[in-house]
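Everything on this sheet refers to the single structure shown next.
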Amino acid sequence: MARIALPWPWTPKTGMLRLVLWACVLIPLPFLAGCAWWRGASSTPPEITDAGVAARVLVSPDLNVNPTETVVSPGASGQASSGPSASQSGEPDRTTFGLADAIAFALRNSPRLRSARAAIERARGQERVAFAPFLPQIDFLGQYGVVSATFSPGIPGPEGFILPSTFGTRSYSENEIALEWTIYDFGRTCGRYGQSVAREAITELQLERADQTVEFDVATAYLGVLLARASRRVQEDAVRRAESTLNDTAARHKQGVALREDVLRAQVQLSESREALVLAREKEYDSVSQLNNTLGRNAGLPLEVIDIEEQPPRHWPLAELLERAAIQRPEVRLAREAVAAAEKGREAARGEFLPRIFARAAVGHTDGENVITGWQEGVGLHIDAPLYAGGRHRGELRSAEADIEAGLADAQSILDSISLDVNLAYRGLVATGELIALSRTAVVQAEENLRLERIRYRNGDATPTDIVDGEAALTRSQQRFFSSIYSYLSALARLDYALGEHQGALPPNGQAPGADELPLPRPLPQVK
């Protein structure tokens, strides 16, 4: 290495002067290399800039945020198909989604899944960090300095010292390449690496479950829009019936056939129907906003969903469902990986009590004044044996054993939760299936009762209050019927989620004997 020649002779005074000069040069270097204050502010990711926030939160002022219809029939002209879209180019301007389309969109755009994918990348980085100790570590070491005659030259390197040659002020420069490689550490590195691999597997299983959670949330929000639309349609028909009844009652009151209290009763019924319609419309808009949020879109954007016409599947035996959940739920594998990670952590903690055996080697060159110059080489086998660390290693081992016990307890809790989820989903499916049959019967009876009341009313054997009560009963039965239909479909979505399957994965050919096919929501009868 070349040396800088100074125009003055070497003396203690000139040596210290030279040291001060080099200090003035070297001290500012860390500030220039490591401090970033002079570089200006770091760039802001586009997602959180003002433009990014505006694009995510704001909507166009001329956007129709109160559409008259949120549900379109399947195969309607100009509407999107119910299957997943192959292209993403039109996603920002898209307004119509089928259920499978909505699920596919959410899987691509959900911030929750983006965070889960980032967690996987972080775990993979930690796995790379844990694997690094298996490989040799290679370093470049260098030092330069000036010391007085009473000091040894330089800082001890990995393999030894710089030796002085004569008495006097010493300048030195040393550059070397060193290698260190752990030969055996009694399970420390293997334990930490196995722990990182298990944690990476855990994040991947968490992403798989997060995918299923997003699918379930989309299906639930999607069915919520359909139910809210059906409830709004029921209330619109209720308002039309109430208006017709009020007009007829008012006309009869003018003719002296109906009482004033009949008119008031019809007015109250119309007011209640209109109030229920306002609330139903609000719930419909809320459900659309919720679905937009679940899809990863602005909640204020317009959205239409495609009606569902598939026949609901039948029931399955509970034992078969529990068996499928035990095999398919990602949490089962997640529990195993969590216990495996804890066991690997105990292995690493036990290794801390034992020595670490490693090899070191270095090669370099030394130059300077009043020191022995030339090439230097060295290699050594080292043993680092811990004797006393104040109880730290024993505390780490105790903590690792507690992690194993906690992992086993969590595994039992997960298995119990899976059993509970499947049982609740199954019972909900059975109950809503029975409610459909009951509510369907109630609708038929309410329609027949209203028809008979109208006949009696035309014959003068019934009052307007009887008509109002019959219409209210029909409205309630229709609301219960549609609620039971979409509650059954929601129970199917919940069962898919409880089994650890994608939405709609259950085949429509259940093995339960005597399971009746359930009716589809049909258009409501119009008031004549």
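Every chain in the structure tokens has a letter given in the order shown (A, B, ...), and although residue numbers restart at 1 in each chain, ligands are simply numbered from 1 in the order shown.
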
Taking the DSSP secondary structure from the backbone, can you list the residues of range 104-215 of chain A that are strand (DSSP E), as a short mmCIF file (atom, residue, chain, number, x, y, z; two decimals) with N, CA and C atoms, in the first residue's frame?
data_model
loop_
_atom_site.label_atom_id
_atom_site.label_comp_id
_atom_site.auth_asym_id
_atom_site.auth_seq_id
_atom_site.Cartn_x
_atom_site.Cartn_y
_atom_site.Cartn_z
N GLN A 137 -18.33 -16.48 6.96
CA GLN A 137 -18.42 -15.03 6.95
C GLN A 137 -17.07 -14.47 6.53
N ILE A 138 -17.06 -13.66 5.50
CA ILE A 138 -15.83 -13.09 4.96
C ILE A 138 -15.88 -11.58 5.16
N ASP A 139 -14.82 -11.01 5.74
CA ASP A 139 -14.77 -9.59 6.05
C ASP A 139 -13.48 -8.99 5.50
N PHE A 140 -13.57 -7.72 5.14
CA PHE A 140 -12.38 -6.94 4.79
C PHE A 140 -12.11 -5.99 5.96
N LEU A 141 -10.90 -6.08 6.50
CA LEU A 141 -10.53 -5.28 7.66
C LEU A 141 -9.36 -4.37 7.29
N GLY A 142 -9.41 -3.15 7.73
CA GLY A 142 -8.33 -2.21 7.46
C GLY A 142 -8.20 -1.19 8.57
N GLN A 143 -7.00 -0.78 8.84
CA GLN A 143 -6.76 0.25 9.84
C GLN A 143 -5.50 1.04 9.47
N TYR A 144 -5.48 2.28 9.88
CA TYR A 144 -4.32 3.15 9.64
C TYR A 144 -4.21 4.08 10.84
N GLY A 145 -3.01 4.31 11.28
CA GLY A 145 -2.85 5.19 12.42
C GLY A 145 -1.41 5.52 12.71
N VAL A 146 -1.24 6.40 13.70
CA VAL A 146 0.07 6.83 14.17
C VAL A 146 0.03 6.81 15.69
N VAL A 147 1.04 6.18 16.31
CA VAL A 147 1.09 6.12 17.76
C VAL A 147 2.49 6.52 18.21
N ARG A 170 5.36 5.41 15.59
CA ARG A 170 5.06 4.37 14.60
C ARG A 170 3.82 4.76 13.81
N SER A 171 3.97 4.69 12.51
CA SER A 171 2.79 4.78 11.63
C SER A 171 2.58 3.42 11.00
N TYR A 172 1.33 3.08 10.75
CA TYR A 172 1.05 1.73 10.23
C TYR A 172 -0.20 1.78 9.35
N SER A 173 -0.25 0.88 8.42
CA SER A 173 -1.45 0.62 7.63
C SER A 173 -1.56 -0.89 7.47
N GLU A 174 -2.72 -1.42 7.73
CA GLU A 174 -2.96 -2.86 7.68
C GLU A 174 -4.27 -3.13 6.95
N ASN A 175 -4.21 -3.99 5.97
CA ASN A 175 -5.41 -4.40 5.23
C ASN A 175 -5.38 -5.91 5.10
N GLU A 176 -6.50 -6.54 5.45
CA GLU A 176 -6.53 -7.99 5.38
C GLU A 176 -7.95 -8.48 5.11
N ILE A 177 -8.02 -9.70 4.63
CA ILE A 177 -9.29 -10.39 4.42
C ILE A 177 -9.36 -11.54 5.41
N ALA A 178 -10.46 -11.59 6.18
CA ALA A 178 -10.61 -12.59 7.22
C ALA A 178 -11.83 -13.46 6.93
N LEU A 179 -11.74 -14.71 7.31
CA LEU A 179 -12.83 -15.68 7.13
C LEU A 179 -13.10 -16.32 8.48
N GLU A 180 -14.39 -16.42 8.80
CA GLU A 180 -14.80 -17.12 10.02
C GLU A 180 -15.93 -18.09 9.66
N TRP A 181 -15.84 -19.31 10.13
CA TRP A 181 -16.81 -20.34 9.76
C TRP A 181 -17.10 -21.19 11.00
N THR A 182 -18.36 -21.22 11.37
CA THR A 182 -18.77 -22.04 12.51
C THR A 182 -18.77 -23.51 12.10
N ILE A 183 -18.04 -24.31 12.85
CA ILE A 183 -17.96 -25.74 12.56
C ILE A 183 -19.08 -26.50 13.27
N TYR A 184 -19.29 -26.22 14.54
CA TYR A 184 -20.34 -26.92 15.28
C TYR A 184 -20.72 -26.07 16.49
#

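For Ala258 in chain A, the list of residues within 8 Å, based on only C-alpha atoms and with local chain neighbours fewer than 4 positions off taken out, reads Thr249, Ala250, Arg252, His253, Lys254, Asp262, Val263, Thr463 and Pro464 of chain A.
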
Can I get the selection written as a short mmCIF file (atom, residue, chain, number, x, y, z; two decimals), in the first residue's frame, with C-alpha atoms?
data_model
loop_
_atom_site.label_atom_id
_atom_site.label_comp_id
_atom_site.auth_asym_id
_atom_site.auth_seq_id
_atom_site.Cartn_x
_atom_site.Cartn_y
_atom_site.Cartn_z
CA THR A 249 -110.80 3.91 2.11
CA ALA A 250 -110.88 7.69 1.60
CA ARG A 252 -115.57 5.09 0.81
CA HIS A 253 -115.36 7.59 3.67
CA LYS A 254 -116.64 10.33 1.34
CA ASP A 262 -110.52 3.50 9.07
CA VAL A 263 -108.96 6.33 7.09
CA THR A 463 -113.55 -3.26 7.04
CA PRO A 464 -110.58 -1.34 5.65
#

Closest pair table for range 186-253 of chain A residues within 12 Å of range 325-336 of chain A, only C-alpha atoms, as a tab-separated table:
residue	atom	partner	partner_atom	distance
A:Ala198	CA	A:Leu334	CA	9.0
A:Arg199	CA	A:Leu334	CA	9.3
A:Glu200	CA	A:Leu334	CA	10.5
A:Ala201	CA	A:Leu334	CA	7.7
A:Ile202	CA	A:Leu334	CA	5.5
A:Thr203	CA	A:Leu334	CA	8.6
A:Glu204	CA	A:Leu334	CA	9.1
A:Leu205	CA	A:Pro330	CA	5.8
A:Gln206	CA	A:Pro330	CA	7.6
A:Leu207	CA	A:Pro330	CA	9.5
A:Glu208	CA	A:Pro330	CA	7.0
A:Arg209	CA	A:Pro330	CA	6.3
A:Ala210	CA	A:Pro330	CA	10.0
A:Asp211	CA	A:Pro330	CA	10.9
A:Gln212	CA	A:Pro330	CA	9.8
A:Thr213	CA	A:Pro330	CA	11.6

Selection from above, N, CA and C atoms, as a CSV table (one decimal), in the first residue's frame, can you write it?
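part_15.csv, freshly written:
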chain,number,residue,atom,x,y,z
A,198,ALA,N,-40.3,-22.8,10.1
A,198,ALA,CA,-41.7,-23.0,10.6
A,198,ALA,C,-42.5,-21.7,10.6
A,199,ARG,N,-41.9,-20.6,11.0
A,199,ARG,CA,-42.6,-19.3,11.0
A,199,ARG,C,-42.9,-18.9,9.5
A,200,GLU,N,-42.1,-19.2,8.6
A,200,GLU,CA,-42.4,-18.9,7.2
A,200,GLU,C,-43.6,-19.7,6.8
A,201,ALA,N,-43.7,-21.0,7.2
A,201,ALA,CA,-44.8,-21.8,6.8
A,201,ALA,C,-46.1,-21.3,7.5
A,202,ILE,N,-45.9,-20.8,8.7
A,202,ILE,CA,-47.1,-20.2,9.4
A,202,ILE,C,-47.7,-19.0,8.7
A,203,THR,N,-46.8,-18.1,8.2
A,203,THR,CA,-47.3,-17.0,7.4
A,203,THR,C,-48.0,-17.4,6.1
A,204,GLU,N,-47.5,-18.4,5.5
A,204,GLU,CA,-48.1,-18.9,4.3
A,204,GLU,C,-49.5,-19.5,4.6
A,205,LEU,N,-49.6,-20.2,5.7
A,205,LEU,CA,-50.9,-20.7,6.1
A,205,LEU,C,-51.9,-19.6,6.5
A,206,GLN,N,-51.3,-18.6,7.2
A,206,GLN,CA,-52.2,-17.4,7.5
A,206,GLN,C,-52.7,-16.7,6.3
A,207,LEU,N,-51.9,-16.7,5.2
A,207,LEU,CA,-52.3,-16.1,4.0
A,207,LEU,C,-53.4,-16.9,3.4
A,208,GLU,N,-53.3,-18.2,3.4
A,208,GLU,CA,-54.3,-19.1,2.9
A,208,GLU,C,-55.6,-18.9,3.6
A,209,ARG,N,-55.6,-18.8,4.9
A,209,ARG,CA,-56.8,-18.6,5.7
A,209,ARG,C,-57.3,-17.2,5.4
A,210,ALA,N,-56.4,-16.2,5.3
A,210,ALA,CA,-56.9,-14.8,4.9
A,210,ALA,C,-57.6,-14.8,3.6
A,211,ASP,N,-57.1,-15.6,2.6
A,211,ASP,CA,-57.8,-15.7,1.3
A,211,ASP,C,-59.3,-16.2,1.6
A,212,GLN,N,-59.4,-17.2,2.4
A,212,GLN,CA,-60.7,-17.8,2.7
A,212,GLN,C,-61.6,-16.8,3.4
A,213,THR,N,-61.0,-16.0,4.3
A,213,THR,CA,-61.7,-15.0,5.1
A,213,THR,C,-62.2,-13.9,4.1

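Residues in contact with Gly470 in chain A at 6 Å, where only C-alpha atoms are counted and same-chain residues fewer than 3 positions away are skipped, are listed as Leu450, Ile467 and Ala473 of chain A.
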
Could you make a table, as JSON lines, of the residues of range 256-325 of chain A that have an atom within 9 Å of an atom of range 227-245 of chain A, each with its nearest atom pair and distance in Å to one decimal, counting only C-alpha atoms, in chain and number order?
{"residue": "A:Ala266", "atom": "CA", "partner": "A:Thr245", "partner_atom": "CA", "distance": 6.8}
{"residue": "A:Gln267", "atom": "CA", "partner": "A:Ala242", "partner_atom": "CA", "distance": 8.1}
{"residue": "A:Gln269", "atom": "CA", "partner": "A:Ala242", "partner_atom": "CA", "distance": 6.5}
{"residue": "A:Leu270", "atom": "CA", "partner": "A:Ala242", "partner_atom": "CA", "distance": 5.0}
{"residue": "A:Ser271", "atom": "CA", "partner": "A:Val239", "partner_atom": "CA", "distance": 8.6}
{"residue": "A:Glu272", "atom": "CA", "partner": "A:Val239", "partner_atom": "CA", "distance": 8.8}
{"residue": "A:Ser273", "atom": "CA", "partner": "A:Val239", "partner_atom": "CA", "distance": 5.3}
{"residue": "A:Arg274", "atom": "CA", "partner": "A:Val239", "partner_atom": "CA", "distance": 6.1}
{"residue": "A:Ala276", "atom": "CA", "partner": "A:Gln235", "partner_atom": "CA", "distance": 6.6}
{"residue": "A:Leu277", "atom": "CA", "partner": "A:Gln235", "partner_atom": "CA", "distance": 5.2}
{"residue": "A:Val278", "atom": "CA", "partner": "A:Arg232", "partner_atom": "CA", "distance": 8.5}
{"residue": "A:Leu279", "atom": "CA", "partner": "A:Arg232", "partner_atom": "CA", "distance": 8.5}
{"residue": "A:Ala280", "atom": "CA", "partner": "A:Arg232", "partner_atom": "CA", "distance": 5.0}
{"residue": "A:Arg281", "atom": "CA", "partner": "A:Arg232", "partner_atom": "CA", "distance": 6.0}
{"residue": "A:Glu282", "atom": "CA", "partner": "A:Ala228", "partner_atom": "CA", "distance": 9.0}
{"residue": "A:Lys283", "atom": "CA", "partner": "A:Ala228", "partner_atom": "CA", "distance": 6.2}
{"residue": "A:Glu284", "atom": "CA", "partner": "A:Ala228", "partner_atom": "CA", "distance": 4.8}
{"residue": "A:Tyr285", "atom": "CA", "partner": "A:Ala228", "partner_atom": "CA", "distance": 8.5}
{"residue": "A:Ser287", "atom": "CA", "partner": "A:Ala228", "partner_atom": "CA", "distance": 7.2}

Using only C-alpha atoms, please write the residues we just selected to a file, as a PDB file, in the first residue's frame.
ATOM      1  CA  ALA A 266    -104.844   3.371   6.522  1.00  0.00           C
ATOM      2  CA  GLN A 267    -102.805   6.583   6.804  1.00  0.00           C
ATOM      3  CA  GLN A 269    -100.168   1.991   7.697  1.00  0.00           C
ATOM      4  CA  LEU A 270     -98.958   4.037   4.685  1.00  0.00           C
ATOM      5  CA  SER A 271     -96.691   6.139   6.917  1.00  0.00           C
ATOM      6  CA  GLU A 272     -95.175   3.042   8.493  1.00  0.00           C
ATOM      7  CA  SER A 273     -94.661   1.449   5.068  1.00  0.00           C
ATOM      8  CA  ARG A 274     -92.929   4.550   3.742  1.00  0.00           C
ATOM      9  CA  ALA A 276     -89.803   1.074   6.405  1.00  0.00           C
ATOM     10  CA  LEU A 277     -89.006   1.768   2.723  1.00  0.00           C
ATOM     11  CA  VAL A 278     -86.625   4.585   3.677  1.00  0.00           C
ATOM     12  CA  LEU A 279     -84.853   2.299   6.126  1.00  0.00           C
ATOM     13  CA  ALA A 280     -84.735  -0.516   3.562  1.00  0.00           C
ATOM     14  CA  ARG A 281     -83.209   1.803   0.970  1.00  0.00           C
ATOM     15  CA  GLU A 282     -80.644   2.996   3.536  1.00  0.00           C
ATOM     16  CA  LYS A 283     -79.751  -0.603   4.353  1.00  0.00           C
ATOM     17  CA  GLU A 284     -79.370  -1.353   0.648  1.00  0.00           C
ATOM     18  CA  TYR A 285     -76.945   1.536   0.163  1.00  0.00           C
ATOM     19  CA  SER A 287     -74.737  -3.057   2.054  1.00  0.00           C
TER      20      SER A 287
END

Exercise for the section: Compare A:Pro164, A:Ala102, A:Thr465, A:Ala116 by their minimum atom-to-atom distance to Glu369 in chain A, counting only C-alpha atoms, and give me the closest one. Expected result: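 When distances to Glu369 in chain A are compared using only C-alpha atoms, the smallest one comes from A:Pro164.
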
Handout entry: Exercise: Gly160 in chain A partners within 10 Å, only C-alpha atoms, chain neighbours under 2 positions left out, as a ChimeraX atom specification
Key = /A:155-158,162-163,362,376-378

File of the preceding selection, C-alpha atoms, as a PDB file, in the first residue's frame:
ATOM      1  CA  ILE A 155      -5.628  -2.655  17.223  1.00  0.00           C
ATOM      2  CA  PRO A 156      -5.283  -6.447  17.549  1.00  0.00           C
ATOM      3  CA  GLY A 157      -6.717  -8.198  14.511  1.00  0.00           C
ATOM      4  CA  PRO A 158      -8.546 -11.543  14.351  1.00  0.00           C
ATOM      5  CA  ILE A 162       1.249  -5.646  14.434  1.00  0.00           C
ATOM      6  CA  LEU A 163       4.777  -6.020  15.745  1.00  0.00           C
ATOM      7  CA  ALA A 362      -6.903 -14.150   7.723  1.00  0.00           C
ATOM      8  CA  GLN A 376       0.731 -11.803   7.201  1.00  0.00           C
ATOM      9  CA  GLU A 377      -1.290 -14.972   7.354  1.00  0.00           C
ATOM     10  CA  GLY A 378      -2.971 -16.870  10.155  1.00  0.00           C
TER      11      GLY A 378
END

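You can rank A:Leu438, A:Gly407, A:Thr169, A:Gly428 by their closest distance to Val371 in chain A using only C-alpha atoms, and at the top of that list sits A:Thr169.
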
Handout entry: range 416-427 of chain A surroundings by only C-alpha atoms, 8 Å radius, close-in-sequence under 2 positions cut, as a PyMOL selection string
Key = chain A and resi 318+321-322+325-326+329+412-414+429-431+491-492+494-495+498-499

Handout entry: Phe481 in chain A environment, 7 Å, only C-alpha atoms, sequence neighbours closer than 5 positions dropped, as a list in words
Key = Ile436, Ser439 and Arg440 of chain A

10 Å contact set for Arg192 in chain A, only C-alpha atoms, chain neighbours under 4 positions out, as a PDB file with C-alpha atoms, in the first residue's frame:
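Listed below is the output, selection_20.pdb:
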ATOM      1  CA  GLU A 127     -35.307 -17.462   7.005  1.00  0.00           C
ATOM      2  CA  VAL A 129     -30.943 -14.501   7.929  1.00  0.00           C
ATOM      3  CA  ALA A 130     -31.202 -17.726   9.952  1.00  0.00           C
ATOM      4  CA  PHE A 131     -29.523 -19.731   7.179  1.00  0.00           C
ATOM      5  CA  PRO A 133     -24.609 -18.799   9.905  1.00  0.00           C
ATOM      6  CA  GLY A 187     -27.872 -27.030  17.669  1.00  0.00           C
ATOM      7  CA  ARG A 188     -27.929 -23.255  17.995  1.00  0.00           C
ATOM      8  CA  SER A 196     -37.559 -19.503  10.910  1.00  0.00           C
ATOM      9  CA  VAL A 197     -38.700 -22.159   8.420  1.00  0.00           C
ATOM     10  CA  ALA A 198     -41.679 -23.002  10.618  1.00  0.00           C
ATOM     11  CA  ALA A 341     -41.215 -23.629  15.846  1.00  0.00           C
ATOM     12  CA  LYS A 344     -36.775 -25.637  17.475  1.00  0.00           C
ATOM     13  CA  GLY A 345     -36.534 -22.648  19.787  1.00  0.00           C
ATOM     14  CA  ARG A 346     -35.947 -25.015  22.717  1.00  0.00           C
ATOM     15  CA  GLU A 347     -33.220 -26.761  20.703  1.00  0.00           C
ATOM     16  CA  ALA A 348     -31.479 -23.434  20.119  1.00  0.00           C
ATOM     17  CA  ALA A 349     -31.834 -22.487  23.807  1.00  0.00           C
TER      18      ALA A 349
END

Practice task
Enumerate, as an MDAnalysis selection string, the complete set of residues in range 242-485 of chain A that a backbone-based DSSP assignment places in helix (DSSP H, G or I).
Solution key: chainID A and resid 242:254 260:295 318:328 330:351 392:458 464:485

Exercise for the section: For CA of Gly98 in chain A and CA of Ile306 in chain A, quote the distance in Å rounded to one decimal. Expected result: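 We find that CA of Gly98 in chain A and CA of Ile306 in chain A lie 4.9 Å from each other.
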
Practice task
Measuring atom to atom with only C-alpha atoms, identify which of A:Ile103, A:Ile383, A:Val225, A:Leu303 is nearest to Gly504 in chain A.
Solution key: A:Ile103

Practice task
Please indicate the distance in Å from CA of Asp307 in chain A to CA of Tyr222 in chain A, rounded to one decimal place.
Solution key: 9.6 Å

Problem - From A:Pro46, A:Pro302, A:Pro355, A:Gly395, residue lying nearest Val71 in chain A [only C-alpha atoms] - result: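 With only C-alpha atoms as the atom set, the closest residue is A:Pro302.
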